[in-house]
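Reproduced below: coords_0.txt, with compact mmCIF, C-alpha atoms and all ligand atoms.
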```
# COMPACT_ATOMS: atom_id res chain seq x y z
CA MET A 1 31.59 78.52 102.72
CA ASN A 2 31.41 82.34 102.90
CA LEU A 3 29.97 83.17 106.32
CA MET A 4 29.77 86.95 105.73
CA THR A 5 26.15 88.11 105.33
CA THR A 6 25.24 90.73 102.73
CA SER A 7 24.65 93.34 105.40
CA ASN A 8 27.98 92.59 107.10
CA LEU A 9 29.71 92.83 103.75
CA THR A 10 28.01 96.14 102.90
CA THR A 11 28.90 97.58 106.30
CA GLN A 12 32.51 96.52 105.88
CA LEU A 13 32.73 97.98 102.35
CA LEU A 14 31.25 101.29 103.53
CA HIS A 15 33.63 101.43 106.48
CA THR A 16 36.55 100.77 104.14
CA ALA A 17 35.44 103.45 101.64
CA THR A 18 34.82 106.17 104.24
CA THR A 19 37.99 105.40 106.23
CA LEU A 20 40.26 105.52 103.20
CA ALA A 21 38.54 108.54 101.59
CA ARG A 22 38.94 110.52 104.82
CA GLN A 23 42.55 109.43 105.31
CA ALA A 24 43.62 110.22 101.73
CA GLY A 25 41.63 113.46 101.67
CA ALA A 26 43.24 114.70 104.89
CA MET A 27 46.70 113.90 103.52
CA ALA A 28 46.00 115.77 100.25
CA LEU A 29 44.48 118.79 102.05
CA GLU A 30 47.48 119.09 104.33
CA GLY A 31 49.83 118.67 101.37
CA ARG A 32 47.99 121.31 99.34
CA ARG A 33 48.28 123.78 102.23
CA ASN A 34 52.05 123.24 102.27
CA GLY A 35 52.30 123.90 98.51
CA LEU A 36 52.53 121.85 95.32
CA GLN A 37 55.93 120.76 93.97
CA ASN A 38 55.05 118.54 91.05
CA VAL A 39 52.28 119.41 88.56
CA GLN A 40 52.15 117.64 85.19
CA THR A 41 49.73 117.23 82.30
CA LYS A 42 47.95 114.04 81.16
CA SER A 43 45.49 113.63 78.24
CA THR A 44 45.60 117.30 77.12
CA ALA A 45 47.49 120.46 78.07
CA THR A 46 44.71 121.34 80.55
CA ASP A 47 44.30 117.85 82.11
CA MET A 48 46.51 118.15 85.20
CA VAL A 49 47.91 115.68 87.71
CA THR A 50 49.76 116.55 90.93
CA GLU A 51 51.91 114.57 93.35
CA PHE A 52 48.85 114.39 95.62
CA ASP A 53 46.65 112.66 93.01
CA LYS A 54 49.30 109.94 92.94
CA ALA A 55 49.96 109.87 96.70
CA SER A 56 46.23 109.69 97.43
CA GLU A 57 45.81 106.72 95.10
CA VAL A 58 48.82 104.93 96.61
CA MET A 59 47.42 105.45 100.13
CA ILE A 60 43.98 104.13 99.13
CA VAL A 61 45.39 101.13 97.27
CA GLN A 62 47.63 100.20 100.23
CA GLY A 63 44.61 100.48 102.52
CA LEU A 64 42.51 98.26 100.26
CA GLU A 65 45.30 95.70 100.00
CA SER A 66 45.33 95.45 103.76
CA MET A 67 41.57 95.70 104.48
CA ARG A 68 40.14 93.91 101.39
CA PRO A 69 43.00 91.90 99.85
CA ASP A 70 40.79 89.78 97.54
CA ASP A 71 39.07 92.69 95.78
CA ALA A 72 39.87 94.12 92.35
CA ILE A 73 40.93 97.78 92.00
CA ILE A 74 40.72 100.34 89.19
CA GLY A 75 42.24 103.75 89.91
CA GLU A 76 42.51 106.84 87.73
CA GLU A 77 46.25 107.18 88.28
CA GLY A 78 46.98 103.68 87.05
CA ALA A 79 46.02 101.21 89.78
CA SER A 80 44.77 98.02 88.15
CA HIS A 81 44.52 94.87 90.26
CA SER A 82 42.45 91.76 89.61
CA GLY A 83 40.59 90.08 92.47
CA THR A 84 38.66 86.96 93.40
CA SER A 85 35.88 88.30 95.67
CA GLY A 86 33.55 89.74 93.00
CA ILE A 87 34.03 93.27 94.38
CA THR A 88 35.82 95.93 92.31
CA TRP A 89 36.86 99.30 93.75
CA HIS A 90 36.72 102.34 91.47
CA ILE A 91 38.96 105.11 92.84
CA ASP A 92 39.25 108.75 91.88
CA PRO A 93 42.01 109.84 94.28
CA ILE A 94 41.34 113.53 93.63
CA ASP A 95 38.23 114.37 91.63
CA GLY A 96 38.44 118.03 90.64
CA THR A 97 42.20 118.30 90.23
CA THR A 98 41.89 121.69 88.51
CA ASN A 99 40.04 123.01 91.59
CA PHE A 100 42.71 121.42 93.82
CA LEU A 101 45.40 123.18 91.79
CA TYR A 102 43.71 126.55 92.23
CA ALA A 103 43.01 125.93 95.95
CA LEU A 104 39.26 125.99 95.34
CA PRO A 105 37.39 123.91 97.96
CA THR A 106 35.42 121.71 95.53
CA TRP A 107 37.58 118.65 95.08
CA ALA A 108 36.93 115.22 96.55
CA VAL A 109 38.19 111.71 97.06
CA SER A 110 35.70 109.32 95.46
CA ILE A 111 35.71 105.58 96.26
CA GLY A 112 33.03 103.16 95.08
CA ALA A 113 32.69 99.39 95.53
CA VAL A 114 30.89 97.59 92.70
CA ASP A 115 29.62 93.99 92.43
CA GLU A 116 27.76 92.17 89.65
CA GLN A 117 24.61 94.22 90.38
CA GLY A 118 26.40 97.61 90.28
CA PRO A 119 27.58 99.95 93.04
CA ILE A 120 27.10 98.48 96.54
CA ALA A 121 28.85 101.08 98.75
CA GLY A 122 30.44 104.44 98.05
CA ALA A 123 31.99 107.48 99.69
CA VAL A 124 32.75 110.97 98.37
CA TYR A 125 34.77 113.02 100.85
CA ILE A 126 35.26 116.78 100.36
CA PRO A 127 38.21 117.61 102.65
CA ALA A 128 38.03 121.41 102.41
CA LEU A 129 34.39 121.31 103.59
CA ASP A 130 34.89 118.26 105.84
CA GLU A 131 31.82 116.69 104.24
CA MET A 132 31.54 112.92 103.89
CA PHE A 133 28.80 111.80 101.50
CA PHE A 134 28.14 108.07 101.55
CA ALA A 135 25.59 105.43 100.62
CA THR A 136 24.99 101.72 100.56
CA ARG A 137 22.70 99.90 98.16
CA GLY A 138 19.25 99.87 99.72
CA GLY A 139 20.54 101.66 102.83
CA GLY A 140 19.97 105.33 101.94
CA ALA A 141 22.33 108.24 101.36
CA PHE A 142 23.91 110.49 103.98
CA CYS A 143 26.11 113.56 104.42
CA ASN A 144 28.09 113.61 107.68
CA GLY A 145 25.64 111.04 109.05
CA ALA A 146 22.41 112.92 108.21
CA PRO A 147 20.04 111.48 105.59
CA ILE A 148 19.92 113.42 102.29
CA ARG A 149 17.24 113.68 99.56
CA CYS A 150 17.14 115.39 96.17
CA ASN A 151 14.75 118.28 95.58
CA PRO A 152 11.16 117.29 94.71
CA LEU A 153 11.17 119.48 91.60
CA ASP A 154 8.69 118.79 88.78
CA ASP A 155 9.34 121.73 86.42
CA VAL A 156 12.62 121.78 84.51
CA SER A 157 12.32 125.53 83.90
CA LYS A 158 12.97 125.98 87.65
CA ALA A 159 15.99 123.66 87.69
CA LEU A 160 19.51 124.75 88.65
CA VAL A 161 21.47 122.43 86.39
CA CYS A 162 25.14 121.58 86.83
CA THR A 163 27.27 120.25 83.99
CA GLY A 164 30.90 119.63 83.11
CA PHE A 165 33.11 120.01 80.08
CA SER A 166 35.67 117.64 78.64
CA TYR A 167 39.43 118.26 78.74
CA ALA A 168 39.49 118.01 74.92
CA ALA A 169 39.08 121.54 73.52
CA ASP A 170 36.94 120.56 70.49
CA GLN A 171 34.51 118.53 72.63
CA ARG A 172 34.29 121.33 75.16
CA THR A 173 33.24 123.78 72.47
CA LEU A 174 30.53 121.37 71.28
CA GLN A 175 29.30 120.77 74.83
CA ALA A 176 29.17 124.48 75.62
CA THR A 177 27.27 125.17 72.40
CA ARG A 178 24.64 122.60 73.40
CA VAL A 179 24.25 124.21 76.80
CA ALA A 180 23.89 127.64 75.16
CA ARG A 181 20.92 126.28 73.17
CA PHE A 182 18.81 125.53 76.25
CA ILE A 183 20.20 127.70 79.05
CA HIS A 184 17.14 129.99 78.68
CA GLN A 185 14.85 127.01 79.41
CA VAL A 186 16.25 126.22 82.89
CA ARG A 187 16.82 128.38 85.98
CA ASP A 188 20.58 128.56 85.39
CA ILE A 189 23.72 126.51 84.73
CA ARG A 190 26.66 125.77 87.05
CA ARG A 191 30.07 124.22 86.30
CA PHE A 192 31.71 123.19 89.57
CA GLY A 193 34.53 121.00 88.23
CA ALA A 194 34.22 117.70 90.12
CA ALA A 195 31.78 115.12 88.81
CA SER A 196 31.49 113.20 92.09
CA ILE A 197 30.65 116.39 93.99
CA ASP A 198 28.17 117.43 91.30
CA MET A 199 26.28 114.16 91.81
CA CYS A 200 26.36 114.47 95.61
CA PHE A 201 25.13 118.05 95.40
CA VAL A 202 22.12 116.91 93.36
CA ALA A 203 21.60 114.19 95.96
CA CYS A 204 21.38 116.73 98.78
CA GLY A 205 19.46 119.44 96.87
CA ARG A 206 22.28 121.97 96.32
CA PHE A 207 21.71 121.49 92.58
CA ASP A 208 18.54 120.19 90.96
CA ALA A 209 20.24 118.19 88.22
CA TYR A 210 23.58 117.33 86.62
CA PHE A 211 24.67 115.97 83.28
CA GLU A 212 28.01 115.35 81.60
CA GLU A 213 29.65 113.23 78.89
CA ASN A 214 32.94 111.34 78.59
CA LEU A 215 33.49 110.51 82.26
CA HIS A 216 35.10 107.37 83.69
CA SER A 217 33.93 104.67 86.09
CA TRP A 218 35.92 106.23 88.95
CA ASP A 219 34.09 109.56 88.50
CA ILE A 220 30.63 108.05 88.96
CA ALA A 221 30.74 104.73 90.90
CA ALA A 222 30.18 106.35 94.31
CA GLY A 223 28.19 109.37 93.13
CA ASP A 224 25.68 107.31 91.16
CA LEU A 225 24.84 105.20 94.23
CA ILE A 226 24.64 108.24 96.52
CA ALA A 227 22.33 110.03 94.06
CA ARG A 228 20.01 107.04 93.56
CA GLU A 229 19.83 106.33 97.28
CA ALA A 230 18.84 109.99 97.76
CA GLY A 231 15.87 109.56 95.42
CA CYS A 232 17.41 110.67 92.12
CA GLN A 233 16.97 109.00 88.79
CA THR A 234 20.29 108.36 87.05
CA GLY A 235 20.81 107.25 83.47
CA ASP A 236 22.25 108.13 80.11
CA PHE A 237 20.65 110.95 78.13
CA GLU A 238 18.06 108.53 76.67
CA GLY A 239 17.08 107.22 80.10
CA ASN A 240 18.92 103.91 79.74
CA ALA A 241 21.34 102.60 82.37
CA ILE A 242 23.94 105.15 83.43
CA ARG A 243 27.34 104.82 81.75
CA PRO A 244 30.46 106.95 82.11
CA ALA A 245 30.10 108.15 78.51
CA GLN A 246 26.77 109.84 79.36
CA VAL A 247 25.53 110.78 82.80
CA LEU A 248 22.25 112.46 83.73
CA VAL A 249 21.16 112.80 87.37
CA SER A 250 17.94 114.49 88.46
CA PRO A 251 14.76 114.10 90.46
CA PRO A 252 12.62 111.49 88.60
CA GLN A 253 9.92 114.10 87.87
CA ILE A 254 12.19 116.18 85.59
CA PHE A 255 14.45 113.47 84.16
CA ARG A 256 12.50 113.14 80.90
CA GLN A 257 12.10 116.94 80.52
CA LEU A 258 15.83 117.54 80.91
CA SER A 259 16.73 114.60 78.72
CA THR A 260 14.50 116.05 75.97
CA LEU A 261 16.26 119.44 76.22
CA ILE A 262 19.73 117.85 76.05
CA LEU A 263 18.85 115.54 73.16
CA ALA A 264 17.13 118.31 71.18
CA SER A 265 20.17 120.56 71.66
CA SER A 266 22.54 117.77 70.63
CA ALA A 267 20.50 116.75 67.56
CA ARG A 268 21.42 119.99 65.84
CA ASP A 269 25.11 118.91 65.83
CA ARG A 270 24.40 115.81 63.75
C1 LIG B 301 37.26 115.69 86.15
C2 LIG B 301 36.19 116.40 86.94
C3 LIG B 301 35.46 117.39 86.05
C4 LIG B 301 34.89 116.73 84.83
C5 LIG B 301 35.96 115.98 84.07
C6 LIG B 301 36.63 114.97 85.00
P1 LIG B 301 39.47 114.96 87.45
O1 LIG B 301 37.93 114.76 86.96
O2 LIG B 301 35.26 115.49 87.49
O3 LIG B 301 34.40 118.02 86.72
O4 LIG B 301 34.31 117.72 84.01
O5 LIG B 301 35.37 115.32 82.99
O6 LIG B 301 37.59 114.25 84.29
O7 LIG B 301 40.31 114.92 86.22
O8 LIG B 301 39.56 116.24 88.17
O9 LIG B 301 39.65 113.74 88.31
CA CA B 302 37.52 112.69 88.06
CA CA B 303 41.11 112.54 89.38
```
Could you render the structure from this file as structure tokens?
Amino acid sequence: MNLMTTSNLTTQLLHTATTLARQAGAMALEGRRNGLQNVQTKSTATDMVTEFDKASEVMIVQGLESMRPDDAIIGEEGASHSGTSGITWHIDPIDGTTNFLYALPTWAVSIGAVDEQGPIAGAVYIPALDEMFFATRGGGAFCNGAPIRCNPLDDVSKALVCTGFSYAADQRTLQATRVARFIHQVRDIRRFGAASIDMCFVACGRFDAYFEENLHSWDIAAGDLIAREAGCQTGDFEGNAIRPAQVLVSPPQIFRQLSTLILASSARDR
């Protein structure tokens, strides 16, 4: 018989996520300050990976193996473990590697725990800002321990909208063209370069909304939970369940308005 209650389990998962995100983030920040030795490319000539992406993932996986040995793990840099507990960890060891490479502060360690109902606990740690965003399902969202909420915006024309562009050059051109078609109908557009941070920044009101295509589970597992627990609506562009291929995060009042702008701008490509 499993004697762990749901709330004990959630607390333990959150503790695990925040502990390992902070530990790996501190290691990568210190390493970055001492200089990069090994920078390589992955899916395209602009999709970079450093020794610290790999070291961060190794540190997190070793921590999970010791703290939660029965859980499954999926990591961007190749970690793939099966488990028996029903919990799967989705790890982005450095989200925003291009920012990391350029010593910009907006990169994060993103760790989300998912069960059969979706994300249950997640942490996004931004080492250069020493900001720990975290949430548990039904338990609210927080930044450095203080509760966070998205902006109560009801007019998309006043929205500061963040987006991201794919590493594939042809897709990026298409995505930028779509944005150009509606940029005059929102307050402005931002491209920060780390999907997990983009979602957390909507959650705490630093952006009003965020959308992007072609992400992966490790980009969104933690950020989706943090955003929803902060009052956001998350989904695909049609308003169905969020999926890495299509991510839209906004206050519920403008979700449909923004979705209409994105879909209308995309329809002209078909
Ligand atoms: C990337 C960042 C970026 C987004 C890309 C992601 P990475 O993650 O989140 O903002 O536009 O689609 O792949 O490669 O830095 O972990
Ligand atoms: Ca990422
Ligand atoms: Ca990454």
Within 7 Å of ligand CA 302 (chain B), counting all atoms listed in the file, residues as a PyMOL selection string: chain A and resi 92+94-96+194-195+218-219
Export of the given selection (C-alpha atoms) as a tab-separated table (two decimals), in the coordinates of the input:
```tsv
chain	number	residue	atom	x	y	z
A	92	ASP	CA	39.25	108.75	91.88
A	94	ILE	CA	41.34	113.53	93.63
A	95	ASP	CA	38.23	114.37	91.63
A	96	GLY	CA	38.44	118.03	90.64
A	194	ALA	CA	34.22	117.70	90.12
A	195	ALA	CA	31.78	115.12	88.81
A	218	TRP	CA	35.92	106.23	88.95
A	219	ASP	CA	34.09	109.56	88.50
```
Could you tell me which of A:Thr84, A:Ser250, A:Ser43, A:Gln23 comes closest to ligand LIG 301 (chain B) if we count only C-alpha atoms and all ligand atoms?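 The answer is A:Ser43, which sits nearest to ligand LIG 301 (chain B).
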Between atom O2 of ligand LIG 301 (chain B) and CA of Pro69 (chain A), distance in Å (one decimal):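 Value for the atom O2 of ligand LIG 301 (chain B)-CA of Pro69 (chain A) distance: 27.7 Å.
Minimum atom-to-atom distances from A:Phe142, A:Phe192, A:Phe211, A:Tyr167 to Pro244 (chain A) were compared using only C-alpha atoms, and the lowest value belongs to A:Phe211.
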Kindly give the distance, in Å, that separates CA of Gln246 (chain A) and CA of Val179 (chain A), rounded to a single decimal.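 CA of Val179 (chain A) lies at a distance of 14.8 Å from CA of Gln246 (chain A).
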Choose the residue, out of A:Val249, A:Ile111, A:Leu29, A:Cys200, that has the smallest atom-to-atom separation from ligand CA 303 (chain B); count only C-alpha atoms and all ligand atoms. A:Ile111
Looking at all atoms listed in the file, which of A:Phe237, A:Tyr125, A:Phe100, A:Phe207 is the one that sits closest to ligand LIG 301 (chain B)?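 Among the listed residues, A:Phe100 lies closest to ligand LIG 301 (chain B).
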Within 12 Å of (30.3, 106.8, 92.8), in the coordinates the file gives, what residues turn up when you count only C-alpha atoms, written out as a PyMOL selection string? chain A and resi 17+89-92+95+108-114+118-125+133-137+141+194-200+203+215-229+234+242-244+247
Calculate how many Å separate CA of Asn38 (chain A) from CA of Ala168 (chain A), rounding to one decimal.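 Interatomic distance, CA of Asn38 (chain A) to CA of Ala168 (chain A): 22.4 Å.
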Looking at only C-alpha atoms, which of A:Ala103, A:Leu174, A:Ala159, A:Ala264 is the one that sits closest to Arg190 (chain A)?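 Closest candidate: A:Ala159.
Ranking A:Thr50, A:Asn144, A:Thr16, A:Ser82 by their shortest atom-to-atom distance to ligand LIG 301 (chain B), with all atoms listed in the file included, puts A:Thr50 first.
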Take the point (45.7, 117.8, 87.4) as written in the file and pick out every residue within 8 Å of it, counting only C-alpha atoms; give the list as JSON, numbers by chain. {"A": [39, 40, 41, 42, 46, 47, 48, 49, 50, 53, 96, 97, 98, 100, 101]}
Name the residues in contact with Arg256 (chain A) at a cut-off of 9 Å, using all atoms listed in the file, excluding same-chain residues fewer than 4 positions from it; report them as an NGL selection string. :A and (237-239 or 252 or 260-261)
So which residues touch Arg178 (chain A) within 12 Å, counting all atoms listed in the file, skipping near sequence neighbours fewer than 5 positions away, as a count of residues only? 21
